[in-house]
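**Student:** Attaching a single structure in structure tokens format; questions to follow.
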Amino acid sequence: MPATVDAPADAPLLQVRDLRTWFLTDAGPVRAVDGVSFDLHRGETLGIVGESGSGKSVCAKSIMRLLDEPARIVEGTILFRGRDLAHLDEEGIRAVRGREIAMVFQDPMTSLNPVLRIARQLVEAMTAHGRFTVAAARTRAIDLLRRMGVSAPERAVQSYPHQFSGGMRQRVMLAMGFSNEPSLLIADEPTTALDVTIQAQILDLLRELNADYGTAVILISHDLGVIANVCARVLVMYAGEVVEEGAPEDLLTDPRHPYTWALLHAAPRLDAETEDRRLVTIEGQPPDPRAWPEGCRFRARCPFAVGKCAEHPALLPVGPGRATRCWVTQDGGPLHPPGRVSAQAAPATTAHPAPLLQVEDVQKHFALPSDGLFAPHRLLRAVDGVSLQVMRGETVGLVGESGCGKSTLARLVTRLYEPTGGRIVFDGHDITHASQADIRPLRRRMQMIFQDPYASLNPRMSVGEILAGPLKLHGIVAGDAAARTRVRELLDLVGLPARNAERFPHEFSGGQRQRISIARALAVGPDFVVADEPISALDVNIQAQIINLMVDLQERLGLTYLFIAHDLAVVRHICDRIVVLYLGKVMEVARAADLFARPLHPYTRTLISAAPVPDPRVERTRRRVPMKGEPPSAISPPSGCRFRTRCPVAEAHCAAEEPPLMAMAGGQMVACHFPGRI
Amino acid sequence: MIRYVSSRLAMAAVMVVLATLVIFLISNTVPGDPVLTQLGDLAASNPATVAEFRHKWGLDLPLWDRYWIFLSGLAHGDFGVSIVSRRPVLEDIADYAPATVELASVAFLLSLVVGLPLGVMAAVKRDSWIDHVARALSLVGVSAPTFWLAFVMLAVFYGALDVAPGPGRLDPVSFPPARITGLLLIDTALQGDWDTFHDALAHLVLPSIVLAGATLGLITRTTRAAMLEALSQDYVRVAKAKGLRARIVVMGHALPNAMLPVVTLGGLAYANLLAGAVMTETVFSWPGLGRYTFQSAVSVDFPAIMAITAIVAAIFVLVNFLVDLSYALLDPRVVKK
């Protein structure tokens, strides 16, 4: 390790001053990070939040000097233990990387080299800095994996990355990060790609490691709940600068910057009962990083803006340990809570007359390629006997971890897949095995919205063509003129200007693309819409806009939704009833409010407990039910109750007999031998 | 792993048999009658002579019988007798093959030795002068017609500058070494005949450069593209974040991932070099399979054509089998437990 002059013990570990990282493109500089300053002390946990494009990731990569072309640190200093990282030579920064500052990235599925064994990838991280011999590093790698909660670490190091799940890979990444006992760990959205239960495990681990090793942590996330869960201090970034700084207790309960305020109110809360399904959103888009506006960069979208905001505000203190870049709150006053437009009558959740969709004991088994020529095919039981009803005008939520069968179920009810068994009845028509020709008239009435607005729109077709396609296919409009009129109506319906019909998908942002997807689904006038994770690829504020749009459309057009999501707060917010799936089976069905107030199934209970709430005070009072391990394989599910292997209250009986889905008080249904035990 | 290898091997065997069927059917359905070619107009006008000739060569048997004879012959290493040379085809091929194997192997090595590092450096130093050189070189290599390149090289380096030897494998005054493998470089080296070794090597320079041109271009391009792709992956950023040296990041992390497409291409390219050197061999008077193929085709020597085609097909199948095997070694995801 190179000799470094360690600053006095009370000096900050990291001092970032006026950092500017620009992408020097041919079209002029993109000012991604534009004047960021902050301190980080030894052992401190600092969260950085902001939407995509706010500069939070570029900021982290600047510290590690891992910038992609054509990004350059054009100004500022990054003082770390007496050295300016921004101006170290290549060899100097290499000695810091992985040794003194380690980094964990967002996607564990792509962060490990697929052709190298885990052992090699862990060992080289240690030997690269000459601190360990290969043999010592190997022993240490096994110890670290054990510490990170990887079972059978001796065998695990011999494996290749593809043999691990995402959660396990992120544990390997953490082991790698801590292998040289760095004084700073930067985690860039480390849990965004993971299920909420696995996220809770990784966040717990991160907190423990911070406490055990005294390693300072910079946690970058778009999720305020995650930040509140781990961090002692928070930076909020907007348009390349820090707009607010403070302890999460203050900042998340009494925000002093309108952007923080907007972020907080845009996300539905797991712990809040709401009478209105509309969320508070801010208008417009973040400004163009090629030309930040004069004055406050948030002014154009700010509901509180005053005359003085034409002047660019500095980050000034507004109380002990907190600062904000806002003229409005400079006098120390709080921002008022949003005035809700709750004049509108609550959606008519009247007694639903008849089920629009009825699913009875439906199954979908996929045959896997067999091991040998004569070995039997193994079956993946993606959906294994699910029954549910969706009433007309209702929103039913489907929740569960990845692999629980929720997307398969969505494709079954829309008959993109044919069921292996069971019965699906749509508005009185048995469509279980209906032929393509029979199903076609019904396709007009049931449509899907997909998760990825980037992949689900044909890049070679203009928006007008995308929307007109289904109209012509179903013979809904006669002639091009009528189609154009209808396309304009549809764009208007989803809040996009009609001139967009001529443009192509790549010219739109993610949120706008999702609006186009919704318009396409609505083009044929469906009454049933299946939305498969329609908002999970979007920023919080855009999520809120899309949720509001879906709620509006439901009221105006009387739509029925089957809404699939992994975000429990969102599901709670917009759904009337919720179906909880686990390994292809229904665990619990209940009205949204009942499910969160009184979860009866241990799985529901652990799921809710795993989802973080963006308020440290609430977090402290919440009872945590840790979820053990990862979901077993759907190829050979556990006997009896499928959840028993991870259940905190399981008994011998649970392995012997599978609990049926039983009706409980208030219409709640649960498949558990011990409902409500925890 | 054993299951993977055996399944690939079984597949390869099936492919070879299918190839022989296709070869047999095609050569029996194409127009062009060997009888006419061999007997000449006068003899061919005599039906008795024609019938006798047909009977002698088995051309009067039913198609499936002839296929069976062909196939069982192949199984015993009997490729038939050349109608032109009246020698067993296999002996002919054994005479011609070493020249081609030597030329193709040298050309292939040349394109690997130059193409791989060039492609890697072009990707690492993207948009630098070396990238421009690599791209220009591969463009010329891929797009320059072989016969044109062959004539130009011969005209410039042999004709005008006289720094390279002329056509053929050896100078007319050199004595060929006693045949061990038929590969001149190896035979001379084994016998310690270094003068002839140098002569053979010098004669290989121009034709191997010409032959390597297209392959070199493809390998450079593919390596560059695959490396660019690999270098943009998250695991490369992770490798940098560990504090690994740039050389290890490139060679240890990006390159193994980038090798997959290069191996696929390299295998096919080598098979192509072995099979498709007709132009180069003709211009350089190289006594190899390309020339033999050409002569056999012109004289409609069916046994020879079929044998060569079967061998070429077998080479392709073998190379693909080796490519599949190296996949399994390069990428652990290919062989699932």
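Residue numbering restarts at 1 for every chain of the structure tokens, chains are lettered A, B, ... in their displayed order, and ligands are numbered from 1 as they appear.
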Residues of chain B near chain A: apply a cut-off of 10 Å, count only C-alpha atoms, and supply the list as a ChimeraX atom specification.

**Tutor:** /B:3-4,7,230,232-246,248,252-254,256-257,329-333,336-337

**Student:** Leaving out stretch 495-504 of chain A and any residue of its chain fewer than 6 positions from it, which residues lie within 6 Å of it when counting only C-alpha atoms, given as a list of chain:residue names?

**Tutor:**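 Neighbouring residues, sequence-local ones excluded: A:Ser462, A:Val463, A:Gly464, A:Arg488.
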
**Student:** Mind dumping the selected residues with N, CA, C and O atoms as an mmCIF file, in the first residue's frame?

**Tutor:**
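Dumped to part-v1.cif:
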data_model
loop_
_atom_site.group_PDB
_atom_site.id
_atom_site.type_symbol
_atom_site.label_atom_id
_atom_site.label_comp_id
_atom_site.auth_asym_id
_atom_site.auth_seq_id
_atom_site.Cartn_x
_atom_site.Cartn_y
_atom_site.Cartn_z
ATOM 1 N N SER A 462 -43.667 4.723 -37.001
ATOM 2 C CA SER A 462 -44.008 5.985 -36.344
ATOM 3 C C SER A 462 -45.122 5.711 -35.341
ATOM 4 O O SER A 462 -45.810 4.690 -35.409
ATOM 5 N N VAL A 463 -45.289 6.656 -34.406
ATOM 6 C CA VAL A 463 -46.311 6.484 -33.388
ATOM 7 C C VAL A 463 -47.686 6.324 -34.035
ATOM 8 O O VAL A 463 -48.491 5.491 -33.629
ATOM 9 N N GLY A 464 -47.911 7.100 -35.101
ATOM 10 C CA GLY A 464 -49.186 7.009 -35.811
ATOM 11 C C GLY A 464 -49.412 5.609 -36.345
ATOM 12 O O GLY A 464 -50.501 5.040 -36.213
ATOM 13 N N ARG A 488 -55.214 10.721 -33.260
ATOM 14 C CA ARG A 488 -55.129 12.000 -32.539
ATOM 15 C C ARG A 488 -55.903 11.935 -31.230
ATOM 16 O O ARG A 488 -55.445 12.385 -30.199
#

**Student:** For a quick check of understanding, using only C-alpha atoms, which of B:Leu9, B:Trp57, B:Pro261, B:Tyr158 has the smallest distance to B:Arg86?

**Tutor:**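 Answer, going by the shortest atom-to-atom distance: B:Trp57.
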
**Student:** Pick out each residue of stretch 332-436 of chain A that DSSP on the backbone tags as strand (DSSP E); I need them as a ChimeraX atom specification.

**Tutor:** /A:355-367,379-391,395-399,421-426,429-430

**Student:** Mind checking which residues fall within 9 Å of stretch 659-676 of chain A, counting only C-alpha atoms, ignoring those fewer than 3 positions away in the same chain, and posting them as a PyMOL selection string?

**Tutor:** chain A and resi 586-591+594-595+598-602+605+640-641+649-650+653-654

**Student:** With only C-alpha atoms as the counted atoms, please give the residues lying no more than 12 Å from A:Arg486, apart from itself and same-chain residues fewer than 6 positions off, as a list in words.

**Tutor:**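 Counting only the stated atoms, we get Gly464, Glu465, Leu467, Ala468, Gly469, Pro470, Leu471, Lys472, Ile476, Val477, Ala478, Gly479, Asp480, Asp492, Leu493, Ala498, Ala501, Ala519, Arg520, Leu522, Ala523, Val524 and Gly525 of chain A.
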
**Student:** Might you pull out every residue within 9 Å of A:Ile546, with only C-alpha atoms counted and same-chain residues fewer than 3 positions away left off, and present them as a VMD selection string?

**Tutor:** chain A and resid 511 514 to 515 534 to 535 541 to 543 549 to 551

**Student:** Give me, please, the distance in Å between atom CA of A:Phe426 and atom CA of A:Ala483, quoted to one decimal.

**Tutor:**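 Atom-to-atom, atom CA of A:Phe426 to atom CA of A:Ala483, that is 28.2 Å.
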
**Student:** Please list as a PDB file with C-alpha atoms, in the first residue's frame every residue within 7 Å of stretch 292-299 of chain A, counting only C-alpha atoms and excluding residues in the same chain fewer than 4 positions away.

**Tutor:**
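Dumped to out-v3.pdb:
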ATOM      1  CA  ALA A 239     -29.972  18.648 -12.670  1.00  0.00           C
ATOM      2  CA  PRO A 287     -33.992  20.603 -17.933  1.00  0.00           C
ATOM      3  CA  ASP A 288     -31.554  19.896 -20.761  1.00  0.00           C
ATOM      4  CA  ALA A 305     -41.487  29.434  -7.303  1.00  0.00           C
ATOM      5  CA  CYS A 309     -35.866  32.116  -8.185  1.00  0.00           C
ATOM      6  CA  ALA A 310     -34.586  33.741 -11.389  1.00  0.00           C
ATOM      7  CA  GLU A 311     -31.331  33.976  -9.475  1.00  0.00           C
ATOM      8  CA  HIS A 312     -29.358  30.751  -9.015  1.00  0.00           C
ATOM      9  CA  PRO A 313     -29.547  29.839  -5.311  1.00  0.00           C
TER      10      PRO A 313
END
